[in-house]
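The data block below is upload09.cif; it holds mmCIF, C-alpha atoms.
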```cif
data_upload
#
loop_
_atom_site.label_atom_id
_atom_site.label_comp_id
_atom_site.auth_asym_id
_atom_site.auth_seq_id
_atom_site.Cartn_x
_atom_site.Cartn_y
_atom_site.Cartn_z
CA ALA U 245 59.55 -109.52 68.94
CA LEU U 246 59.32 -113.10 67.66
CA SER U 247 60.59 -111.96 64.26
CA LYS U 248 63.81 -110.20 65.21
CA GLY U 249 65.97 -109.97 62.12
CA ALA U 250 63.03 -110.42 59.74
CA MET U 251 60.39 -108.00 60.97
CA ILE U 252 58.42 -107.65 57.72
CA LYS U 253 58.31 -111.42 57.24
CA GLY U 254 57.11 -111.86 60.82
CA ILE U 255 54.31 -109.33 60.38
CA PHE U 256 53.29 -111.01 57.12
CA ALA U 257 53.25 -114.44 58.81
CA GLY U 258 51.07 -113.08 61.63
CA PHE U 259 48.52 -111.59 59.24
CA LEU U 260 48.57 -114.75 57.14
CA GLY U 261 47.61 -116.67 60.28
CA VAL U 262 44.74 -114.21 60.87
CA LEU U 263 43.58 -114.63 57.27
CA ILE U 264 43.47 -118.42 57.51
CA ALA U 265 41.67 -118.17 60.88
CA LEU U 266 38.83 -116.31 59.13
CA ILE U 267 38.03 -119.28 56.91
CA GLY U 268 34.64 -120.80 57.77
CA GLN U 269 31.11 -119.73 58.57
CA PHE U 270 30.60 -116.11 59.65
CA ALA U 271 28.34 -116.07 62.70
CA ASP U 272 26.61 -112.75 61.94
CA ASN U 273 25.13 -113.72 58.58
CA ASN U 274 25.72 -117.51 58.45
CA LYS U 275 27.55 -117.15 55.14
CA MET U 276 30.70 -119.06 54.25
CA ARG U 277 33.93 -117.08 53.85
CA MET U 278 36.78 -117.99 51.49
CA VAL U 279 35.60 -121.60 51.22
CA PRO U 280 35.29 -123.51 47.89
CA ASP U 281 31.97 -125.33 47.36
CA LEU U 282 33.79 -128.67 47.54
CA LEU U 283 34.94 -128.02 51.14
CA LYS U 284 31.92 -126.20 52.57
CA VAL U 285 30.97 -129.06 54.88
CA ASP U 286 34.52 -129.72 56.13
CA LEU U 287 35.42 -126.07 56.64
CA ARG U 288 32.13 -124.86 58.11
CA MET U 289 33.90 -124.31 61.45
CA GLY U 290 37.24 -123.47 59.87
CA PHE U 291 40.47 -125.37 60.50
CA GLN U 292 40.67 -127.12 63.86
CA LEU U 293 43.49 -125.97 66.12
CA LEU U 294 45.00 -129.34 67.03
CA PRO U 295 45.82 -130.50 63.45
CA VAL U 296 47.30 -127.05 62.80
CA LEU U 297 49.54 -127.30 65.89
CA ILE U 298 50.66 -130.83 65.01
CA GLY U 299 51.41 -129.84 61.44
CA LEU U 300 53.32 -126.66 62.31
CA PHE U 301 55.51 -128.20 64.99
CA ALA U 302 55.73 -131.98 64.63
CA LEU U 303 55.61 -132.40 60.84
CA VAL U 304 57.79 -129.38 60.14
CA GLN U 305 60.49 -130.86 62.39
CA ILE U 306 60.27 -134.17 60.54
CA PHE U 307 60.47 -132.43 57.16
CA GLN U 308 63.56 -130.52 58.34
CA GLU U 309 65.23 -133.74 59.44
CA ALA U 310 64.26 -135.46 56.20
CA GLU U 311 65.93 -132.66 54.24
CA THR U 312 69.26 -133.19 55.98
CA GLY U 313 68.91 -136.96 55.79
CA MET U 314 68.45 -139.60 58.45
CA LYS U 315 71.20 -142.00 57.36
CA GLU U 316 74.05 -140.10 58.94
CA GLU U 317 76.49 -142.07 61.05
CA HIS U 318 74.83 -143.11 64.28
CA ARG U 319 76.84 -142.20 67.36
CA LYS U 320 76.32 -143.67 70.80
CA MET U 321 76.46 -141.30 73.73
CA ASP U 322 79.26 -141.88 76.16
CA LEU U 323 77.72 -141.25 79.56
CA ASN U 324 80.50 -142.82 81.60
CA HIS U 325 82.81 -139.81 81.75
CA GLU U 326 81.17 -137.58 84.34
CA THR U 327 83.55 -135.02 85.77
CA ARG U 328 81.41 -134.09 88.79
CA THR U 329 77.94 -134.60 90.21
CA PHE U 330 75.39 -132.17 91.58
CA SER U 331 75.42 -131.42 95.30
CA PHE U 332 73.22 -129.15 97.41
CA LYS U 333 76.45 -127.61 98.67
CA ASP U 334 76.63 -125.88 95.29
CA PHE U 335 73.83 -123.59 96.49
CA LYS U 336 75.90 -122.24 99.36
CA GLY U 337 76.01 -118.46 99.00
CA GLN U 338 73.76 -118.54 95.91
CA TRP U 339 70.43 -117.51 97.43
CA PHE U 340 70.67 -113.87 96.34
CA ASN U 341 71.68 -115.05 92.87
CA VAL U 342 68.65 -117.38 92.76
CA LEU U 343 66.28 -114.62 93.90
CA ARG U 344 67.64 -112.05 91.45
CA SER U 345 67.60 -114.51 88.56
CA GLY U 346 64.04 -115.61 89.34
CA ILE U 347 62.84 -111.99 89.37
CA ILE U 348 64.60 -111.26 86.07
CA GLY U 349 63.12 -114.38 84.50
CA THR U 350 59.61 -113.52 85.73
CA PHE U 351 59.87 -109.95 84.43
CA VAL U 352 61.13 -111.08 81.02
CA GLY U 353 58.36 -113.70 80.91
CA VAL U 354 55.75 -110.94 81.24
CA LEU U 355 57.07 -109.33 78.04
CA PRO U 356 55.45 -111.13 75.09
CA GLY U 357 57.83 -112.65 72.59
CA VAL U 358 61.13 -112.12 74.40
CA GLY U 359 61.74 -115.76 75.29
CA GLY U 360 63.89 -117.88 77.58
CA SER U 361 67.17 -117.21 75.81
CA ALA U 362 66.94 -113.49 76.48
CA ALA U 363 66.06 -114.10 80.15
CA SER U 364 69.00 -116.46 80.63
CA LEU U 365 71.49 -114.15 78.91
CA LEU U 366 70.25 -111.08 80.82
CA SER U 367 70.47 -112.89 84.16
CA TYR U 368 73.89 -114.34 83.28
CA SER U 369 75.25 -110.91 82.36
CA GLN U 370 73.91 -109.43 85.61
CA ALA U 371 75.54 -112.20 87.64
CA LYS U 372 78.84 -111.70 85.84
CA SER U 373 78.83 -107.91 86.28
CA MET U 374 78.12 -108.22 90.02
CA SER U 375 80.51 -111.11 90.63
CA LYS U 376 83.80 -110.75 92.51
CA HIS U 377 85.41 -113.17 90.06
CA PRO U 378 83.91 -112.47 86.61
CA GLU U 379 86.92 -114.04 84.88
CA GLN U 380 85.66 -117.48 85.90
CA PHE U 381 82.39 -117.09 84.01
CA GLY U 382 82.40 -119.27 80.92
CA THR U 383 84.24 -122.11 82.66
CA GLY U 384 81.15 -123.81 84.11
CA ILE U 385 81.15 -121.84 87.36
CA VAL U 386 78.10 -122.50 89.56
CA ASP U 387 77.19 -118.80 89.69
CA GLY U 388 76.63 -118.70 85.93
CA LEU U 389 74.63 -121.94 85.87
CA VAL U 390 72.39 -120.78 88.72
CA ALA U 391 71.84 -117.39 87.07
CA SER U 392 70.89 -118.69 83.64
CA GLU U 393 68.73 -121.60 84.83
CA GLY U 394 67.08 -119.60 87.60
CA ALA U 395 65.91 -117.03 85.05
CA ASN U 396 64.86 -119.74 82.61
CA ASN U 397 62.68 -121.40 85.27
CA GLY U 398 61.23 -118.08 86.46
CA LEU U 399 60.20 -117.30 82.89
CA THR U 400 57.34 -119.82 82.88
CA GLY U 401 55.33 -118.21 85.66
CA GLY U 402 55.82 -114.74 84.19
CA ALA U 403 54.69 -115.87 80.75
CA LEU U 404 51.33 -116.91 82.22
CA ILE U 405 50.56 -113.31 83.24
CA PRO U 406 49.87 -111.87 79.74
CA LEU U 407 48.40 -115.21 78.67
CA LEU U 408 45.77 -115.48 81.40
CA SER U 409 45.14 -111.77 82.02
CA LEU U 410 45.09 -110.49 78.43
CA GLY U 411 44.77 -113.63 76.32
CA ILE U 412 48.10 -112.84 74.62
CA PRO U 413 50.50 -115.76 74.04
CA GLY U 414 54.05 -114.48 74.20
CA ASP U 415 55.84 -117.40 72.54
CA SER U 416 55.22 -120.74 70.86
CA THR U 417 54.87 -122.55 74.21
CA THR U 418 52.14 -120.26 75.54
CA ALA U 419 50.54 -120.29 72.08
CA VAL U 420 50.18 -124.06 72.42
CA LEU U 421 48.84 -123.56 75.97
CA ILE U 422 46.18 -121.08 74.87
CA GLY U 423 45.26 -123.61 72.19
CA ALA U 424 44.76 -126.22 74.92
CA PHE U 425 42.46 -123.83 76.80
CA MET U 426 40.46 -123.20 73.64
CA LEU U 427 40.08 -126.93 72.99
CA GLN U 428 38.53 -127.21 76.47
CA GLY U 429 36.20 -124.27 75.83
CA ILE U 430 37.99 -121.99 78.32
CA GLN U 431 38.27 -118.30 77.42
CA VAL U 432 41.47 -116.64 78.66
CA GLY U 433 41.46 -112.91 79.25
CA PRO U 434 40.68 -110.30 81.93
CA LEU U 435 37.78 -112.36 83.32
CA PHE U 436 39.62 -115.70 83.39
CA ILE U 437 40.31 -115.76 87.15
CA THR U 438 36.85 -114.44 88.03
CA ASN U 439 35.03 -116.95 85.83
CA ASN U 440 37.32 -119.91 86.53
CA PRO U 441 38.55 -119.66 90.16
CA ASP U 442 38.90 -123.43 90.54
CA ILE U 443 41.00 -123.74 87.38
CA TRP U 444 43.16 -120.81 88.50
CA LYS U 445 43.84 -122.44 91.89
CA THR U 446 44.56 -125.74 90.17
CA ILE U 447 47.11 -124.04 87.88
CA LEU U 448 48.95 -122.57 90.89
CA VAL U 449 49.05 -125.91 92.70
CA ALA U 450 50.04 -127.75 89.51
CA MET U 451 52.97 -125.40 88.90
CA GLY U 452 54.27 -126.07 92.40
CA ILE U 453 53.92 -129.82 91.97
CA ALA U 454 55.48 -129.64 88.49
CA ASN U 455 58.62 -128.03 89.91
CA LEU U 456 58.98 -130.83 92.44
CA PHE U 457 58.50 -133.49 89.78
CA MET U 458 60.91 -131.68 87.47
CA PHE U 459 63.62 -131.85 90.12
CA ILE U 460 62.97 -135.57 90.74
CA VAL U 461 63.08 -136.35 87.01
CA MET U 462 66.16 -134.23 86.37
CA PHE U 463 68.10 -135.42 89.40
CA TYR U 464 67.56 -139.17 89.21
CA PRO U 465 66.50 -140.75 85.87
CA ILE U 466 67.65 -138.08 83.39
CA LYS U 467 70.93 -139.85 82.65
CA HIS U 468 68.89 -142.85 81.53
CA ILE U 469 66.11 -140.90 79.76
CA VAL U 470 68.65 -139.04 77.64
CA LYS U 471 69.68 -142.34 76.04
CA VAL U 472 66.53 -142.14 73.90
CA ILE U 473 68.55 -140.11 71.40
CA ASN U 474 70.56 -143.26 70.72
CA PHE U 475 67.57 -144.73 68.88
CA PRO U 476 67.91 -144.38 65.09
CA LYS U 477 65.72 -141.63 63.67
CA THR U 478 64.50 -144.00 60.98
CA ARG U 479 62.71 -145.98 63.71
CA ILE U 480 61.48 -143.11 65.88
CA TYR U 481 60.03 -140.84 63.19
CA PRO U 482 57.55 -143.35 61.68
CA VAL U 483 56.12 -143.81 65.18
CA ILE U 484 55.86 -140.02 65.60
CA ILE U 485 54.07 -139.68 62.24
CA LEU U 486 51.64 -142.44 63.24
CA LEU U 487 50.84 -140.74 66.56
CA CYS U 488 50.37 -137.39 64.79
CA THR U 489 47.96 -138.97 62.32
CA VAL U 490 45.93 -140.71 65.04
CA GLY U 491 45.79 -137.52 67.11
CA SER U 492 44.57 -135.43 64.19
CA TYR U 493 42.04 -138.07 63.13
CA ALA U 494 40.56 -138.15 66.65
CA THR U 495 40.17 -134.37 66.90
CA GLN U 496 36.54 -134.50 65.72
CA ASN U 497 35.92 -138.15 66.58
CA GLY U 498 37.18 -139.54 63.30
CA ASN U 499 37.36 -136.96 60.51
CA MET U 500 39.88 -137.70 57.77
CA PHE U 501 39.83 -134.05 56.69
CA ASP U 502 41.77 -133.12 59.86
CA VAL U 503 44.56 -135.49 58.80
CA TRP U 504 44.80 -133.74 55.43
CA ALA U 505 44.76 -130.40 57.27
CA MET U 506 47.67 -131.57 59.44
CA ILE U 507 49.68 -132.50 56.34
CA PHE U 508 48.74 -129.22 54.64
CA PHE U 509 49.91 -127.09 57.57
CA GLY U 510 53.03 -129.20 57.89
CA LEU U 511 53.87 -128.21 54.31
CA VAL U 512 52.87 -124.59 54.96
CA GLY U 513 55.09 -124.46 58.05
CA TYR U 514 57.98 -126.02 56.16
CA VAL U 515 57.69 -123.43 53.37
CA LEU U 516 57.50 -120.61 55.93
CA TRP U 517 60.63 -121.96 57.64
CA LYS U 518 62.51 -122.32 54.34
CA PHE U 519 61.85 -118.70 53.42
CA GLY U 520 62.63 -117.31 56.88
CA PHE U 521 59.09 -116.57 58.07
CA SER U 522 58.24 -116.90 61.77
CA ILE U 523 56.09 -119.97 62.49
CA PRO U 524 55.19 -118.79 66.05
CA SER U 525 54.00 -115.47 64.56
CA PHE U 526 51.80 -117.40 62.12
CA LEU U 527 50.41 -119.53 64.95
CA ILE U 528 49.64 -116.53 67.19
CA GLY U 529 47.82 -114.87 64.27
CA PHE U 530 45.83 -118.04 63.64
CA ILE U 531 44.84 -118.44 67.31
CA LEU U 532 43.85 -114.81 67.86
CA GLY U 533 42.38 -114.18 64.38
CA ASP U 534 38.88 -115.44 65.12
CA ASP U 535 38.58 -113.41 68.35
CA LEU U 536 40.07 -110.40 66.57
CA GLU U 537 37.26 -110.46 64.01
CA LYS U 538 34.51 -111.20 66.55
CA TYR U 539 35.37 -108.39 68.96
CA PHE U 540 36.14 -105.94 66.17
CA VAL U 541 32.74 -106.53 64.55
CA ASP U 542 30.96 -106.38 67.94
CA SER U 543 32.67 -103.07 68.76
CA ILE U 544 31.82 -101.55 65.39
CA LYS U 545 28.18 -102.68 65.64
CA GLY U 546 27.89 -101.30 69.18
CA ALA U 547 29.35 -97.94 68.08
CA GLY U 548 27.15 -97.65 65.00
CA GLY U 549 30.07 -98.04 62.61
CA ASN U 550 32.22 -95.36 64.26
CA LEU U 551 35.89 -96.34 64.41
CA GLY U 552 36.44 -93.64 67.02
CA THR U 553 35.12 -96.05 69.64
CA PHE U 554 38.59 -97.59 69.81
CA PHE U 555 40.00 -94.25 71.01
CA SER U 556 37.15 -93.12 73.26
CA ARG U 557 38.16 -94.73 76.56
CA PRO U 558 41.19 -93.88 78.75
CA ILE U 559 42.19 -97.51 79.30
CA GLY U 560 41.97 -98.09 75.54
CA ASN U 561 44.25 -95.14 74.87
CA VAL U 562 46.75 -96.45 77.44
CA ILE U 563 46.80 -99.77 75.58
CA TRP U 564 47.37 -97.94 72.27
CA VAL U 565 50.33 -96.10 73.82
CA LEU U 566 51.79 -99.39 75.07
CA ILE U 567 51.33 -100.91 71.60
CA LEU U 568 53.14 -97.97 69.98
CA ILE U 569 55.99 -98.15 72.50
CA SER U 570 56.33 -101.88 71.82
CA LEU U 571 56.39 -101.33 68.06
CA VAL U 572 58.89 -98.46 68.26
CA TYR U 573 61.19 -100.54 70.46
CA ALA U 574 60.85 -103.58 68.20
CA PHE U 575 61.73 -101.64 65.06
CA TYR U 576 64.56 -99.82 66.83
CA ASP U 577 65.96 -103.13 68.04
CA GLU U 578 65.64 -104.47 64.51
CA TYR U 579 67.51 -101.45 63.11
CA LYS U 580 70.23 -101.73 65.76
CA THR U 581 70.72 -105.45 65.06
CA LYS U 582 71.03 -104.92 61.31
CA LYS U 583 73.42 -102.02 61.82
CA LYS U 584 75.62 -104.16 64.07
CA THR U 585 75.55 -107.00 61.51
CA ARG U 586 76.65 -104.64 58.72
CA LYS U 587 79.55 -103.37 60.84
CA GLU U 588 80.69 -106.93 61.59
CA LYS U 589 80.61 -107.82 57.89
CA ALA U 590 82.53 -104.66 57.02
#
```

Conversion result in structure tokens:
Amino acid sequence: ALSKGAMIKGIFAGFLGVLIALIGQFADNNKMRMVPDLLKVDLRMGFQLLPVLIGLFALVQIFQEAETGMKEEHRKMDLNHETRTFSFKDFKGQWFNVLRSGIIGTFVGVLPGVGGSAASLLSYSQAKSMSKHPEQFGTGIVDGLVASEGANNGLTGGALIPLLSLGIPGDSTTAVLIGAFMLQGIQVGPLFITNNPDIWKTILVAMGIANLFMFIVMFYPIKHIVKVINFPKTRIYPVIILLCTVGSYATQNGNMFDVWAMIFFGLVGYVLWKFGFSIPSFLIGFILGDDLEKYFVDSIKGAGGNLGTFFSRPIGNVIWVLILISLVYAFYDEYKTKKKTRKEKA
């Protein structure tokens, strides 16, 4: 789903992430896998997650900006021409729209890989089709803004469902979040709530508080915060690179190898982006690769080498059916998109 329009490339990127996740010491026989003798000490535990995240997201963005050039004409934002301001009166008669949009956003968030754009567009189209004045949509009408943003905000809570219950990150944001859990030694999955009730309650409270703070930040100081884009990139980016380097260096309490790993994955991510490969797919493969190997080997050992163990339980077969349905839909959606593109070109 993250690779719509380039399905094969997305699958390749995911498996490449799994392959790189397997680098390091194999727990069952204490032998090193795919590691040159020169790097056996540094890669005993494989690549650390934090330098990989920094490289794939922060450095790749900097490389992309460097390609286009940072010496373009600098333009100051003109924030003095506001046509209207927000008022709580705008919510009059919008409560059903808010409720419907929140439900749509939550449902879309449960589906791995769909993303906020799809939730906003789906909610917007529903609001337009049910509106008494659909011709006003596209002019900044409040109904459309409430629909799209309500779904976008509802998406976050829904995205936590597959993340915390199944350990499946549905997009790049939840992939970063599962990485944060792993850095703290917290295992997400079916037993997450049972094993970590205090953390689960804290997450619920934190999400409520975060929404309140988000409103305060967006309503009052946002018109001043947005002025940060007026700073020249040539001054901001060196600071970003410095912070990335310090963060990577501190991952293992001062290991220069993690800085080189950050740079390496920055280059890898840039190459993937240049050739149209999905970076979130690569990251999800990297995060889940180690667990994939561990549980696969444990299952095979427990079944005496019989692969039929993966098809021997009803709940397992239900999951296989869901996987097949997801794949069929993904490939059908891919085919439909390409067919539509060909018709538009013709």

Mind dumping a table of every region 467-572 of chain U residue within 12 Å of region 428-437 of chain U, with the nearest atom pair and its distance in Å to one decimal, using only C-alpha atoms, sorted by chain and rising number, as JSON lines?
```
{"residue": "U:Ile531", "atom": "CA", "partner": "U:Val432", "partner_atom": "CA", "distance": 12.0}
{"residue": "U:Leu532", "atom": "CA", "partner": "U:Val432", "partner_atom": "CA", "distance": 11.2}
{"residue": "U:Asp535", "atom": "CA", "partner": "U:Gln431", "partner_atom": "CA", "distance": 10.3}
```

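Using all atoms listed in the file, the nearest neighbour of Pro295 (chain U) within the list U:Phe307, U:Phe459, U:Tyr514, U:Phe508 is U:Phe508.
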
Quiz item: Quick one: residues within 9 Å of region 249-259 of chain U, only C-alpha atoms counted, chain neighbours fewer than 3 positions away excluded, as a PyMOL selection string?
Solution: chain U and resi 245-246+262-264+516+519-530+533+574-575+578-579+581-582

Self-check item: Resolved residues for the PyMOL selection byres ((chain U and resi 376-390) around 9) as an MDAnalysis selection string
Solution: chainID U and resid 334:335 338 341:342 345 367:369 371:375 391:395

Please write the residues from the selection above to a file, keeping C-alpha atoms, as a PDB file, keeping the file's coordinate frame.
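Contents of part12.pdb, freshly written:
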```pdb
ATOM      1  CA  ASP U 334      76.630-125.880  95.290  1.00  0.00           C
ATOM      2  CA  PHE U 335      73.830-123.590  96.490  1.00  0.00           C
ATOM      3  CA  GLN U 338      73.760-118.540  95.910  1.00  0.00           C
ATOM      4  CA  ASN U 341      71.680-115.050  92.870  1.00  0.00           C
ATOM      5  CA  VAL U 342      68.650-117.380  92.760  1.00  0.00           C
ATOM      6  CA  SER U 345      67.600-114.510  88.560  1.00  0.00           C
ATOM      7  CA  SER U 367      70.470-112.890  84.160  1.00  0.00           C
ATOM      8  CA  TYR U 368      73.890-114.340  83.280  1.00  0.00           C
ATOM      9  CA  SER U 369      75.250-110.910  82.360  1.00  0.00           C
ATOM     10  CA  ALA U 371      75.540-112.200  87.640  1.00  0.00           C
ATOM     11  CA  LYS U 372      78.840-111.700  85.840  1.00  0.00           C
ATOM     12  CA  SER U 373      78.830-107.910  86.280  1.00  0.00           C
ATOM     13  CA  MET U 374      78.120-108.220  90.020  1.00  0.00           C
ATOM     14  CA  SER U 375      80.510-111.110  90.630  1.00  0.00           C
ATOM     15  CA  ALA U 391      71.840-117.390  87.070  1.00  0.00           C
ATOM     16  CA  SER U 392      70.890-118.690  83.640  1.00  0.00           C
ATOM     17  CA  GLU U 393      68.730-121.600  84.830  1.00  0.00           C
ATOM     18  CA  GLY U 394      67.080-119.600  87.600  1.00  0.00           C
ATOM     19  CA  ALA U 395      65.910-117.030  85.050  1.00  0.00           C
TER      20      ALA U 395
END
```

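Rounded to one decimal, CA of Leu365 (chain U) and CA of Lys580 (chain U) lie 18.1 Å from each other.
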
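Residues selected in this file by the PyMOL selection byres ((chain U and resi 289) around 7) comprise Gly268, Gln269, Leu287, Arg288, Gly290 and Phe291 of chain U.
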
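You can rank U:Leu294, U:Ile563, U:Ile443, U:Leu366 by their closest distance to Leu427 (chain U) using all atoms listed in the file, and at the top of that list sits U:Leu294.
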
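Each of U:Ile267, U:Ile466, U:Ile567, U:Ile298 was checked against Ile484 (chain U) using all atoms listed in the file; the smallest atom-to-atom distance is that of U:Ile298.
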
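Straight-line separation from CA of Trp504 (chain U) to CA of Leu303 (chain U): 12.2 Å.
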
Quiz item: At most 6 Å from (47.6, -135.6, 61.0), file frame, only C-alpha atoms: which residues, as a PyMOL selection string?
Solution: chain U and resi 295+488-489+492+503+506-507

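Here the question is which of U:Leu283, U:Ala424, U:Ile405, U:Ala310 gets nearest to Val354 (chain U) using all atoms listed in the file, and that residue is U:Ile405.
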
Quiz item: When you draw a straight line from CA of Met451 (chain U) to CA of Leu297 (chain U), how long is it in Å?
Solution: 23.3 Å
